[in-house]
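S.K.: Sharing upload-v8.cif (mmCIF, C-alpha atoms) below.
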data_target
loop_
_atom_site.label_atom_id
_atom_site.label_comp_id
_atom_site.auth_asym_id
_atom_site.auth_seq_id
_atom_site.Cartn_x
_atom_site.Cartn_y
_atom_site.Cartn_z
CA MET X 581 12.84 -8.27 -5.25
CA GLN X 582 13.94 -4.76 -4.26
CA PHE X 583 11.83 -2.68 -1.89
CA SER X 584 14.33 0.01 -0.84
CA SER X 585 12.87 2.56 -3.27
CA ILE X 586 9.22 1.86 -2.38
CA GLN X 587 7.65 4.46 -0.12
CA LEU X 588 4.90 2.79 1.87
CA PRO X 589 2.38 4.78 3.93
CA SER X 590 3.23 5.63 7.54
CA LYS X 591 2.86 2.80 10.07
CA SER X 592 -0.52 4.04 11.28
CA TYR X 593 -1.98 3.58 7.78
CA VAL X 594 -0.19 0.43 6.60
CA TYR X 595 -2.87 -1.84 8.07
CA LEU X 596 -5.66 0.71 8.58
CA ILE X 597 -6.34 1.22 4.86
CA PRO X 598 -6.68 -2.50 3.92
CA VAL X 599 -8.62 -3.22 7.14
CA VAL X 600 -11.13 -0.48 6.31
CA LEU X 601 -11.29 -1.67 2.69
CA SER X 602 -11.93 -5.26 3.80
CA ILE X 603 -14.71 -4.17 6.17
CA VAL X 604 -16.30 -2.02 3.45
CA LEU X 605 -16.24 -4.96 0.99
CA ILE X 606 -17.76 -7.35 3.53
CA VAL X 607 -20.51 -4.88 4.48
CA TRP X 608 -21.12 -4.05 0.82
CA GLN X 609 -21.35 -7.75 -0.05
CA HIS X 610 -23.85 -8.32 2.75
CA TRP X 611 -26.07 -5.31 2.12
CA GLY X 612 -25.36 -4.58 -1.54
CA MET X 613 -23.76 -6.17 -4.63
CA ASN X 614 -27.23 -7.40 -5.52
CA TYR X 615 -27.76 -9.18 -8.81
CA ARG X 616 -31.30 -9.67 -10.12
CA TYR X 617 -32.75 -11.79 -12.92
CA LEU X 618 -36.44 -11.58 -13.84
CA VAL X 619 -38.60 -13.92 -15.93
CA SER X 620 -42.13 -12.66 -16.57
CA ALA X 621 -45.19 -14.21 -18.17
CA ALA X 622 -45.47 -10.98 -20.15
CA SER X 623 -42.06 -11.55 -21.79
CA ASP X 624 -43.54 -13.73 -24.55
CA LEU X 625 -41.75 -16.92 -23.52
CA PRO X 626 -42.73 -20.18 -25.25
CA ILE X 627 -44.27 -21.60 -22.09
CA SER X 628 -45.63 -25.12 -22.50
CA MET X 629 -47.40 -27.70 -20.36
CA LEU X 630 -46.78 -31.27 -19.35
CA ASN X 631 -49.12 -33.79 -17.75
CA ASP X 632 -49.26 -37.47 -16.84
CA GLU X 633 -50.28 -38.59 -20.35
CA PHE X 634 -46.70 -39.66 -21.19
CA ASN X 635 -46.91 -42.11 -18.22
CA GLY X 636 -50.34 -43.40 -19.26
CA GLY X 637 -52.29 -40.98 -17.09
CA VAL X 638 -55.61 -39.36 -18.01
CA SER X 639 -55.39 -35.92 -16.40
CA ILE X 640 -56.46 -33.09 -18.69
CA ALA X 641 -54.42 -29.89 -18.97
CA SER X 642 -54.71 -26.67 -20.93
CA LEU X 643 -52.94 -23.30 -21.08
CA GLU X 644 -54.62 -19.92 -21.06
CA ALA X 645 -52.74 -16.69 -21.75
CA GLN X 646 -54.10 -13.71 -19.86
CA SER X 647 -52.88 -10.09 -19.66
CA ASN X 648 -50.04 -10.65 -17.20
CA LYS X 649 -50.01 -14.36 -16.56
CA ILE X 650 -50.10 -17.81 -18.07
CA VAL X 651 -52.68 -20.03 -16.40
CA LEU X 652 -52.47 -23.81 -16.24
CA ASN X 653 -55.94 -25.34 -16.01
CA CYS X 654 -55.72 -28.91 -14.81
CA GLN X 655 -58.32 -31.58 -14.17
CA ILE X 656 -56.60 -34.25 -12.07
CA LYS X 657 -57.99 -37.74 -12.69
CA LYS X 658 -57.05 -40.97 -11.00
CA SER X 659 -55.15 -43.53 -13.02
CA SER X 660 -52.52 -46.20 -12.66
CA THR X 661 -49.77 -43.55 -12.51
CA PHE X 662 -49.14 -40.49 -10.39
CA PRO X 663 -51.50 -37.74 -11.68
CA PHE X 664 -50.12 -34.27 -12.31
CA CYS X 665 -50.05 -31.22 -14.57
CA SER X 666 -47.14 -28.83 -15.00
CA LEU X 667 -46.15 -25.50 -16.47
CA MET X 668 -42.82 -25.73 -18.36
CA ILE X 669 -41.10 -22.32 -18.44
CA PRO X 670 -37.95 -22.29 -20.59
CA LEU X 671 -34.85 -20.52 -19.19
CA ALA X 672 -32.34 -21.38 -21.94
CA ASP X 673 -31.11 -18.64 -24.27
CA ALA X 674 -31.16 -18.65 -28.08
CA SER X 675 -28.04 -20.85 -28.19
CA LYS X 676 -29.81 -23.48 -26.05
CA GLN X 677 -27.48 -22.69 -23.15
CA GLY X 678 -29.21 -23.02 -19.80
CA LEU X 679 -29.15 -20.48 -17.00
CA ASP X 680 -26.28 -20.70 -14.50
CA LEU X 681 -27.73 -20.03 -11.06
CA SER X 682 -24.43 -20.33 -9.17
CA ARG X 683 -24.47 -16.57 -8.46
CA PHE X 684 -28.03 -16.67 -7.09
CA ASP X 685 -29.16 -17.69 -3.64
CA ARG X 686 -32.89 -16.87 -3.58
CA MET X 687 -35.87 -17.29 -5.88
CA LYS X 688 -39.25 -15.60 -5.60
CA LEU X 689 -42.28 -16.90 -7.52
CA THR X 690 -45.39 -14.81 -7.98
CA LEU X 691 -48.26 -17.28 -8.56
CA GLU X 692 -52.04 -17.40 -8.57
CA PHE X 693 -53.51 -20.61 -7.12
CA LYS X 694 -56.97 -22.16 -7.01
CA SER X 695 -57.92 -25.77 -6.23
CA THR X 696 -61.05 -27.69 -5.35
CA GLU X 697 -59.05 -29.83 -2.90
CA PRO X 698 -56.11 -28.95 -0.63
CA ASP X 699 -52.88 -29.34 -2.52
CA THR X 700 -49.20 -28.44 -2.68
CA ILE X 701 -47.17 -26.99 -5.53
CA LEU X 702 -43.99 -28.69 -6.63
CA VAL X 703 -41.34 -26.37 -8.05
CA TYR X 704 -38.53 -27.91 -10.12
CA LEU X 705 -35.37 -26.34 -11.49
CA LEU X 706 -34.36 -28.78 -14.22
CA ASN X 707 -30.61 -28.91 -14.80
CA ASP X 708 -29.47 -30.31 -18.16
CA GLU X 709 -26.34 -32.44 -17.81
CA GLY X 710 -26.22 -33.75 -21.38
CA ARG X 711 -27.09 -37.38 -20.62
CA ALA X 712 -28.83 -39.28 -23.39
CA GLY X 713 -32.51 -39.90 -22.75
CA ASN X 714 -32.61 -37.37 -19.96
CA ILE X 715 -34.86 -34.77 -21.61
CA HIS X 716 -35.45 -32.48 -18.69
CA GLY X 717 -32.37 -33.16 -16.58
CA ARG X 718 -31.74 -33.22 -12.86
CA ALA X 719 -34.92 -32.38 -10.94
CA ASN X 720 -33.96 -29.96 -8.15
CA MET X 721 -37.26 -29.74 -6.24
CA HIS X 722 -38.88 -27.45 -3.68
CA THR X 723 -42.37 -27.95 -2.18
CA LEU X 724 -44.71 -25.00 -1.59
CA ALA X 725 -47.82 -24.80 0.56
CA PRO X 726 -49.90 -22.41 -1.56
CA VAL X 727 -52.67 -20.07 -0.55
CA THR X 728 -55.70 -19.27 -2.68
CA GLY X 729 -55.22 -16.20 -4.83
CA ILE X 730 -52.10 -14.31 -5.89
CA ALA X 731 -49.10 -14.57 -3.57
CA ASP X 732 -45.29 -14.37 -3.53
CA TYR X 733 -43.36 -17.49 -2.57
CA GLU X 734 -39.69 -17.04 -1.57
CA MET X 735 -37.27 -19.96 -1.59
CA ASN X 736 -33.58 -20.40 -0.81
CA LEU X 737 -31.88 -22.37 -3.56
CA ALA X 738 -30.03 -24.24 -0.82
CA GLY X 739 -33.45 -25.45 0.39
CA PHE X 740 -34.10 -27.46 -2.80
CA ASN X 741 -33.60 -31.22 -2.76
CA LEU X 742 -33.56 -34.18 -5.11
CA PRO X 743 -36.79 -36.19 -4.96
CA SER X 744 -36.40 -39.89 -4.29
CA TRP X 745 -38.19 -40.82 -7.55
CA TRP X 746 -35.50 -38.98 -9.53
CA ILE X 747 -32.67 -40.73 -7.67
CA PHE X 748 -34.32 -44.15 -8.25
CA ALA X 749 -34.88 -43.29 -11.91
CA HIS X 750 -31.24 -42.33 -12.43
CA PRO X 751 -29.01 -44.90 -10.71
CA GLU X 752 -26.25 -43.98 -13.17
CA ALA X 753 -25.96 -40.46 -11.68
CA THR X 754 -22.51 -40.21 -10.09
CA TYR X 755 -23.49 -37.13 -8.08
CA ALA X 756 -26.80 -37.16 -6.20
CA GLY X 757 -26.65 -33.57 -4.93
CA LEU X 758 -28.09 -30.33 -6.24
CA ARG X 759 -26.81 -28.75 -9.44
CA PHE X 760 -27.78 -25.35 -10.81
CA ASP X 761 -25.12 -24.71 -13.46
CA ASN X 762 -27.30 -25.31 -16.56
CA ILE X 763 -30.97 -24.78 -15.68
CA LYS X 764 -33.10 -25.04 -18.84
CA TYR X 765 -36.60 -25.22 -17.36
CA LEU X 766 -38.56 -23.96 -14.42
CA GLN X 767 -41.31 -26.56 -13.87
CA ILE X 768 -44.33 -25.65 -11.72
CA SER X 769 -46.41 -28.70 -11.01
CA THR X 770 -49.51 -29.75 -9.15
CA GLY X 771 -48.78 -31.39 -5.80
CA ASP X 772 -48.92 -34.65 -3.94
CA ASN X 773 -52.68 -34.97 -3.39
CA THR X 774 -53.99 -37.88 -5.50
CA LEU X 775 -57.68 -36.98 -5.19
CA GLU X 776 -59.50 -35.91 -8.32
CA ARG X 777 -59.70 -32.12 -8.39
CA LEU X 778 -59.62 -29.00 -10.49
CA VAL X 779 -56.44 -26.94 -10.13
CA ASN X 780 -55.58 -23.55 -11.64
CA ILE X 781 -52.01 -22.33 -11.38
CA GLY X 782 -51.25 -18.90 -12.84
CA PHE X 783 -47.58 -18.03 -13.43
CA ILE X 784 -46.92 -14.28 -13.22
CA GLN X 785 -43.16 -13.98 -12.75
CA MET X 786 -40.01 -15.48 -11.31
CA GLU X 787 -37.30 -13.31 -9.73
CA LEU X 788 -33.80 -14.61 -8.92
CA THR X 789 -31.56 -12.59 -6.59
CA GLY X 790 -27.93 -13.06 -5.75
CA LYS X 791 -24.64 -11.28 -5.34
CA TRP X 792 -22.14 -10.09 -7.94
CA ILE X 793 -19.52 -11.70 -5.71
CA ALA X 794 -20.52 -14.66 -3.58
CA ALA X 795 -19.60 -14.43 0.10
CA LYS X 796 -17.34 -17.49 -0.09
CA ASP X 797 -15.52 -16.05 -3.12
CA LEU X 798 -15.08 -12.66 -1.44
CA TYR X 799 -13.71 -14.25 1.73
CA LEU X 800 -11.31 -16.36 -0.33
CA VAL X 801 -10.05 -13.26 -2.16
CA LEU X 802 -9.64 -11.39 1.14
CA VAL X 803 -7.73 -14.29 2.69
CA ILE X 804 -5.39 -14.45 -0.32
CA PHE X 805 -4.99 -10.65 -0.27
CA TRP X 806 -4.09 -10.60 3.43
CA LEU X 807 -1.61 -13.44 2.99
CA VAL X 808 0.09 -11.64 0.09
CA PHE X 809 -0.05 -8.28 1.88
CA SER X 810 1.47 -9.74 5.04
CA VAL X 811 4.27 -11.44 3.12
CA VAL X 812 5.06 -8.28 1.12
CA HIS X 813 4.97 -6.12 4.24
CA ALA X 814 7.21 -8.56 6.10
CA ILE X 815 9.71 -8.58 3.22
CA TYR X 816 9.63 -4.78 3.12
CA ASN X 817 10.27 -4.53 6.87
CA LEU X 818 13.10 -7.04 6.69
CA ASN X 819 14.66 -5.14 3.80
CA LYS X 820 14.21 -1.83 5.66
CA LEU X 821 15.83 -3.32 8.76
CA HIS X 822 18.69 -4.58 6.60
CA GLN X 823 19.19 -1.10 5.11
CA GLU X 824 19.10 0.52 8.57
CA ASN X 825 21.66 -1.97 9.87
CA LYS X 826 23.81 -1.32 6.82
CA GLN X 827 23.58 2.43 7.38
CA ALA X 828 24.37 2.02 11.08
CA ARG X 829 27.47 -0.02 10.22
CA LYS X 830 28.54 2.69 7.78
CA ARG X 831 28.08 5.39 10.42
CA GLU X 832 30.21 3.33 12.80
CA ALA X 833 32.88 3.01 10.13
CA ASP X 834 32.75 6.76 9.48
CA LEU X 835 33.06 7.45 13.19
CA ALA X 836 36.08 5.19 13.39
CA GLN X 837 37.57 7.00 10.40
CA ILE X 838 36.97 10.37 12.11
CA ASN X 839 38.66 9.11 15.27
CA LYS X 840 41.64 7.86 13.28
CA PHE X 841 41.88 11.12 11.37
CA LEU X 842 41.87 13.25 14.52
CA SER X 843 44.26 10.85 16.25
CA ILE X 844 42.24 10.88 19.44
CA GLU X 845 42.40 7.70 21.46
CA LYS X 846 39.34 6.57 23.36
CA GLU X 847 41.05 6.65 26.75
CA LYS X 848 41.87 10.35 26.27
CA TYR X 849 38.27 11.52 25.64
CA GLU X 850 37.39 12.10 29.29
CA SER X 851 40.70 13.75 30.22
CA MET X 852 40.98 16.23 27.32
CA ALA X 853 39.02 19.49 27.25
CA LYS X 854 37.04 20.36 24.13
CA HIS X 855 38.19 24.00 23.96
CA ASP X 856 41.56 25.54 23.21
CA ALA X 857 43.13 26.92 26.38
CA LEU X 858 44.52 30.06 24.67
CA THR X 859 41.72 31.22 22.38
CA GLY X 860 38.65 29.60 23.98
CA CYS X 861 37.42 28.19 20.65
CA LEU X 862 36.99 24.49 19.97
CA ASN X 863 40.02 22.25 19.76
CA ARG X 864 40.31 18.97 17.86
CA THR X 865 38.54 17.06 20.65
CA GLY X 866 35.59 19.41 20.44
CA LEU X 867 35.67 19.17 16.65
CA ARG X 868 35.11 15.43 16.83
CA ASP X 869 31.51 15.80 18.04
CA VAL X 870 30.80 18.45 15.42
CA LEU X 871 32.15 16.29 12.60
CA THR X 872 30.17 13.31 13.85
CA ARG X 873 26.88 15.26 13.61
CA VAL X 874 27.78 16.83 10.26
CA ILE X 875 28.69 13.49 8.64
CA ASP X 876 25.62 11.77 10.12
CA LEU X 877 23.29 14.45 8.72
CA TYR X 878 25.04 14.22 5.36
CA ILE X 879 24.54 10.44 5.20
CA ARG X 880 20.93 10.40 6.43
CA LYS X 881 19.52 13.63 4.98
CA ASN X 882 22.13 14.71 2.44
CA ASN X 883 22.63 17.98 4.37
CA ILE X 884 25.35 20.09 2.82
CA SER X 885 28.12 21.71 4.91
CA SER X 886 31.30 23.58 4.04
CA LEU X 887 34.74 23.89 5.60
CA ILE X 888 36.86 27.05 5.74
CA LEU X 889 40.55 26.71 6.64
CA LEU X 890 42.29 30.02 7.36
CA ASP X 891 45.87 30.81 8.21
CA ILE X 892 47.42 34.05 9.50
CA ASP X 893 49.78 35.38 6.85
CA HIS X 894 53.46 35.66 7.93
CA PHE X 895 52.68 34.64 11.51
CA LYS X 896 56.20 33.42 12.10
CA ARG X 897 57.49 36.93 11.34
CA ILE X 898 55.18 38.36 14.04
CA ASN X 899 56.64 35.97 16.62
CA ASP X 900 60.19 36.67 15.46
CA LEU X 901 59.83 40.47 15.43
CA PHE X 902 57.52 41.12 18.34
CA GLY X 903 57.73 38.01 20.47
CA HIS X 904 55.44 35.10 21.23
CA ALA X 905 53.35 37.16 23.61
CA GLU X 906 52.31 39.39 20.74
CA GLY X 907 51.65 36.29 18.61
CA ASP X 908 49.40 34.87 21.33
CA ALA X 909 47.58 38.22 21.59
CA VAL X 910 46.96 38.17 17.82
CA LEU X 911 45.55 34.62 18.04
CA ILE X 912 43.24 35.59 20.89
CA GLU X 913 42.02 38.76 19.20
CA LEU X 914 41.55 37.01 15.85
CA SER X 915 39.45 34.20 17.35
CA ARG X 916 37.25 36.72 19.20
CA PHE X 917 36.85 38.79 16.04
CA ILE X 918 35.87 35.76 13.92
CA GLN X 919 33.37 34.53 16.54
CA LYS X 920 31.57 37.88 16.29
CA HIS X 921 31.15 37.56 12.51
CA ILE X 922 30.03 33.96 12.05
CA ARG X 923 26.62 32.44 12.75
CA GLU X 924 25.67 30.75 16.01
CA ASP X 925 25.50 27.36 14.27
CA ASP X 926 28.97 27.77 12.72
CA TYR X 927 31.90 26.32 14.63
CA LEU X 928 35.34 27.93 14.99
CA VAL X 929 38.15 25.51 15.72
CA ARG X 930 41.84 26.14 16.41
CA TRP X 931 43.28 23.66 14.00
CA GLY X 932 46.92 24.14 14.95
CA GLY X 933 49.36 27.02 15.55
CA GLU X 934 48.11 30.00 13.57
CA GLU X 935 45.62 27.93 11.56
CA PHE X 936 41.86 27.89 12.22
CA ALA X 937 38.93 25.91 10.80
CA ILE X 938 35.30 27.04 10.47
CA ILE X 939 32.61 24.36 10.04
CA CYS X 940 29.67 26.00 8.24
CA CYS X 941 26.62 23.77 8.72
CA ASN X 942 23.85 23.78 6.09
CA THR X 943 26.01 25.98 3.90
CA SER X 944 26.98 25.47 0.26
CA ALA X 945 30.40 26.25 -1.18
CA LYS X 946 29.04 29.51 -2.58
CA GLY X 947 27.83 30.63 0.85
CA ALA X 948 31.08 29.62 2.52
CA VAL X 949 33.13 31.51 -0.09
CA GLY X 950 31.00 34.58 0.61
CA LEU X 951 31.61 34.25 4.35
CA ALA X 952 35.35 33.71 3.83
CA GLU X 953 35.59 36.74 1.54
CA ASN X 954 33.71 38.85 4.10
CA LEU X 955 36.01 37.70 6.92
CA ARG X 956 39.09 38.30 4.78
CA ALA X 957 38.05 41.89 4.08
CA LEU X 958 37.07 42.57 7.73
CA ILE X 959 40.30 41.15 9.10
CA ALA X 960 42.39 43.12 6.63
CA GLY X 961 40.55 46.31 7.58
CA HIS X 962 40.56 45.77 11.34
CA LYS X 963 43.48 46.54 13.67
CA LEU X 964 44.03 43.20 15.36
CA SER X 965 47.53 44.19 16.49
CA SER X 966 49.00 47.51 17.55
CA LYS X 967 52.33 46.53 16.08
CA THR X 968 51.54 45.25 12.57
CA ALA X 969 48.80 44.70 10.00
CA ILE X 970 47.14 41.26 10.04
CA THR X 971 45.78 39.42 6.99
CA CYS X 972 44.64 35.83 6.48
CA SER X 973 44.45 33.37 3.60
CA PHE X 974 41.41 31.12 3.16
CA GLY X 975 40.73 27.71 1.61
CA VAL X 976 37.10 26.57 1.16
CA ALA X 977 35.70 23.09 0.42
CA GLU X 978 32.13 21.75 0.35
CA LEU X 979 31.42 18.34 1.88
CA ASN X 980 30.77 15.84 -0.94
CA SER X 981 31.33 12.47 0.77
CA SER X 982 31.54 10.95 4.21
CA LYS X 983 35.34 10.93 4.04
CA VAL X 984 36.48 13.64 6.44
CA ASN X 985 40.11 13.27 5.44
CA ASP X 986 39.32 14.11 1.82
CA TRP X 987 37.26 17.11 2.88
CA PHE X 988 40.07 18.65 4.93
CA LYS X 989 42.66 17.77 2.30
CA ARG X 990 40.73 19.64 -0.40
CA ALA X 991 40.38 22.69 1.85
CA ASP X 992 44.07 22.52 2.73
CA VAL X 993 45.06 22.43 -0.95
CA ALA X 994 42.84 25.46 -1.57
CA LEU X 995 44.50 27.27 1.38
CA TYR X 996 47.90 26.45 -0.05
CA LEU X 997 46.86 27.93 -3.41
CA ALA X 998 45.63 31.08 -1.66
CA LYS X 999 49.04 31.53 -0.07
CA ALA X 1000 50.86 30.68 -3.31
CA ASN X 1001 48.82 33.30 -5.12
CA GLY X 1002 49.95 36.12 -2.85
CA ARG X 1003 48.04 35.53 0.41
CA ASN X 1004 45.11 37.58 1.76
CA GLY X 1005 42.82 35.69 -0.58
CA VAL X 1006 40.10 33.08 -0.84
CA VAL X 1007 40.29 29.94 -2.96
CA LEU X 1008 37.52 27.38 -3.43
CA ALA X 1009 38.68 23.77 -3.61
CA ASN X 1010 38.85 22.39 -7.15
CA GLU X 1011 38.31 25.89 -8.59
CA SER X 1012 40.86 28.13 -10.29
CA HIS X 1013 38.97 31.34 -9.31
CA LEU X 1014 40.95 33.51 -6.86
CA SER X 1015 39.57 36.43 -4.95
CA HIS X 1016 42.17 38.60 -3.24
CA ASN X 1017 43.43 42.02 -2.59
CA THR X 1018 46.97 43.21 -3.04
CA PRO X 1019 49.28 40.57 -1.54
CA HIS X 1020 51.03 41.31 1.73
#
If you took the structure in this file and wrote it as structure tokens, what would it be?
M.R.:
Amino acid sequence: MQFSSIQLPSKSYVYLIPVVLSIVLIVWQHWGMNYRYLVSAASDLPISMLNDEFNGGVSIASLEAQSNKIVLNCQIKKSSTFPFCSLMIPLADASKQGLDLSRFDRMKLTLEFKSTEPDTILVYLLNDEGRAGNIHGRANMHTLAPVTGIADYEMNLAGFNLPSWWIFAHPEATYAGLRFDNIKYLQISTGDNTLERLVNIGFIQMELTGKWIAAKDLYLVLVIFWLVFSVVHAIYNLNKLHQENKQARKREADLAQINKFLSIEKEKYESMAKHDALTGCLNRTGLRDVLTRVIDLYIRKNNISSLILLDIDHFKRINDLFGHAEGDAVLIELSRFIQKHIREDDYLVRWGGEEFAIICCNTSAKGAVGLAENLRALIAGHKLSSKTAITCSFGVAELNSSKVNDWFKRADVALYLAKANGRNGVVLANESHLSHNTPH
């Protein structure tokens, strides 16, 4: 897995964004993400009734449809069995598939209640589990203490329980807990009072509420996300550290190569001055620091720089004809003249004898050629010596790798071509174009 090309957000946002997102999801799940399911008596459901007749009881039940409710009228009569009457409200769809309540956590019943004796209401959510002979399924039960008249009754699904009679009646059940995955009926039944009485239960509506994403599912997703995020971020940081170490090792190798190229031993650094004693411009020791910065910027930021090598034409003849003092005077005057016509962030170096180098930072080959051509013309037109005319030849090369030796070699070849083509000219490394005046 490669991460070197991936640009992750800055460190201050790497964890801030997912932290904020996680908090927003948790708050949204708590206060929002609501899912609602409504069953109304006005929705033309085939609501039926059930009483104790199938157990040999004698209670009498009837259904009455009114404008917005279905009313169960029940006359409870004592018998040898438990007396009751119930409303049976189907929740299965057309394909006989029951309702999955796993996404819901609360149920609200709107009921109308009247009774001649105190009573409770038993609410069942009947879960079909496909067992033979089990018509109505697992009886998840909740007990209500009703009030006379119309009222809302709210229940947590977790507050339901399995009645003992159902557990005794189904010893084959391997799981005796609640199940809400296939609810086919809502059963609303008269309560535990065994006295003879008249009971009227009117069903108006049932409302189920839940969350699109359950809290436990959201927390599981967030835990998995944070584990994956942490692993990915750790791998990215390890890879980044590896790349930085690799780059640091390369910079060290480049520095060693620069030191070897300039032939400067470590023990001489403190004893050698960085400026040429005659001209005052940088010497090779001073050039070392410049090259180190230039190569480092090239490696890290791909900053371009160019090198100009220049050589005084026929300098040996000046020494031979007019003496070394005149030659030294020409070198001093030339270095001062060049310093006046280059930028503050360009570096003039006495490379050796009558040869100079100019390091042009943040400058392309085209810009360096322009500078060299300008210097060539100014030098040729300026009286640097009272005894003879002075011209220079120039070789230019743009930095294209971290190999300093190659850079100087290309500029040196270009300088050689400038001299071979008649001197007083400018040649760009690896180019055949020559710009010059009449050779001297």
S.K.: From the options X:Asn773, X:Asn1010, X:Asn899, X:Ser982, which residue's atoms come nearest to Arg873 (chain X), counting all atoms listed in the file?
M.R.: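 The answer is X:Ser982, which sits nearest to Arg873 (chain X).
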S.K.: Any idea what's packed within 7 Å of region 693-701 of chain X, counting only C-alpha atoms, ignoring anything in its chain fewer than 6 positions away? Could you give it as a list in words?
M.R.: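 The residues that qualify are Thr723, Leu724, Ala725, Pro726, Val727, Thr728, Gly729, Ile730, Ile768, Ser769, Thr770, Gly771, Asp772, Asn773, Arg777, Leu778, Val779, Asn780, Ile781 and Gly782 of chain X.
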S.K.: The selected residues should be written to file as a CSV table (one decimal), keeping the file's coordinate frame (atoms: C-alpha atoms).
M.R.:
chain,number,residue,atom,x,y,z
X,723,THR,CA,-42.4,-28.0,-2.2
X,724,LEU,CA,-44.7,-25.0,-1.6
X,725,ALA,CA,-47.8,-24.8,0.6
X,726,PRO,CA,-49.9,-22.4,-1.6
X,727,VAL,CA,-52.7,-20.1,-0.6
X,728,THR,CA,-55.7,-19.3,-2.7
X,729,GLY,CA,-55.2,-16.2,-4.8
X,730,ILE,CA,-52.1,-14.3,-5.9
X,768,ILE,CA,-44.3,-25.6,-11.7
X,769,SER,CA,-46.4,-28.7,-11.0
X,770,THR,CA,-49.5,-29.8,-9.2
X,771,GLY,CA,-48.8,-31.4,-5.8
X,772,ASP,CA,-48.9,-34.6,-3.9
X,773,ASN,CA,-52.7,-35.0,-3.4
X,777,ARG,CA,-59.7,-32.1,-8.4
X,778,LEU,CA,-59.6,-29.0,-10.5
X,779,VAL,CA,-56.4,-26.9,-10.1
X,780,ASN,CA,-55.6,-23.6,-11.6
X,781,ILE,CA,-52.0,-22.3,-11.4
X,782,GLY,CA,-51.2,-18.9,-12.8
S.K.: Care to translate the PyMOL selection byres ((chain X and resi 629) around 10) into actual residues of this file, as a VMD selection string?
M.R.: chain X and resid 627 to 628 630 to 631 641 to 643 652 to 653 665 to 669 767 to 769
S.K.: Figure out the distance between CA of Lys999 (chain X) and CA of Val949 (chain X), please, to one decimal in Å.
M.R.: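 Interatomic distance, CA of Val949 (chain X) to CA of Lys999 (chain X): 15.9 Å.
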S.K.: For the structure shown, which residues end up in the PyMOL selection byres ((chain X and resi 658) around 12)? Put them as an MDAnalysis selection string, please?
M.R.: chainID X and resid 632:633 636:640 655:657 659:664 773:777
S.K.: Which value, in Å to one decimal, gives the distance between CA of Leu705 (chain X) and CA of Leu691 (chain X)?
M.R.: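 Between these atoms lies a distance of 16.0 Å.
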S.K.: Counting only C-alpha atoms, which residues come within 12 Å of (31.1, 5.5, 8.7), with the point read in the file's coordinates, and could you list them as an MDAnalysis selection string?
M.R.: chainID X and resid 826:840 871:880 981:984
S.K.: Could you give me, as number ranges by chain, the residues within 9 Å of region 968-979 of chain X, counting all atoms listed in the file and dropping anything in the same chain fewer than 4 positions from it?
M.R.: X: 875, 878, 884-895, 898, 910, 943-946, 948-949, 952-953, 955-957, 959-964, 983-984, 986-999, 1002-1010, 1016, 1020
S.K.: Which residues match the PyMOL selection byres ((chain X and resi 862) around 12) in the file above, as a PyMOL selection string?
M.R.: chain X and resi 852-861+863-870+915+919+926-932+936-939
S.K.: Contacts of region 787-798 of chain X at 8 Å or less, counting all atoms listed in the file, minus same-chain residues fewer than 5 places along, as a list in words?
M.R.: Ile606, Gln609, His610, Gly612, Met613, Asn614, Tyr615, Arg616, Tyr617, Leu618, Val619, Arg683, Phe684, Asp685, Arg686, Met687, Lys688 and Leu689 of chain X
S.K.: Go through X:Ala731, X:Ile804, X:Ile815, X:Leu681 and flag the residue nearest Ile763 (chain X), using only C-alpha atoms for the distances.
M.R.: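 The answer is X:Leu681, which sits nearest to Ile763 (chain X).
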S.K.: So, with all atoms listed in the file as the atoms that count, which of X:Asp673, X:Gln785, X:Glu752, X:Leu821 lies closest to Lys764 (chain X)?
M.R.: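 Between X:Asp673, X:Gln785, X:Glu752, X:Leu821, the residue approaching Lys764 (chain X) most closely is X:Asp673.
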S.K.: List the residues sitting within 8 Å of (-48.7, -13.3, -18.6) in the file's frame, using all atoms listed in the file, as a VMD selection string.
M.R.: chain X and resid 620 to 624 645 to 650 783 to 784
S.K.: Please, what distance in Å, to one decimal, runs between CA of Val604 (chain X) and CA of Met735 (chain X)?
M.R.: 28.1 Å
S.K.: Give the answer as one residue: which of X:Leu625, X:Leu914, X:Leu706, X:Leu802 has the shortest atom-to-atom distance to Glu934 (chain X), using only C-alpha atoms?
M.R.: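 Comparing X:Leu625, X:Leu914, X:Leu706, X:Leu802 against Glu934 (chain X), the winner is X:Leu914.
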S.K.: Choose the residue, out of X:Asp925, X:Asn1001, X:Ala909, X:Tyr704, that has the smallest atom-to-atom separation from Cys941 (chain X); count only C-alpha atoms.
M.R.: X:Asp925
S.K.: Measuring between all atoms listed in the file, which one of X:Ala749, X:Cys940, X:Ala738, X:Leu766 shows the shortest distance to Asn707 (chain X)?
M.R.: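 Counting all atoms listed in the file, the residue closest to Asn707 (chain X) is X:Leu766.
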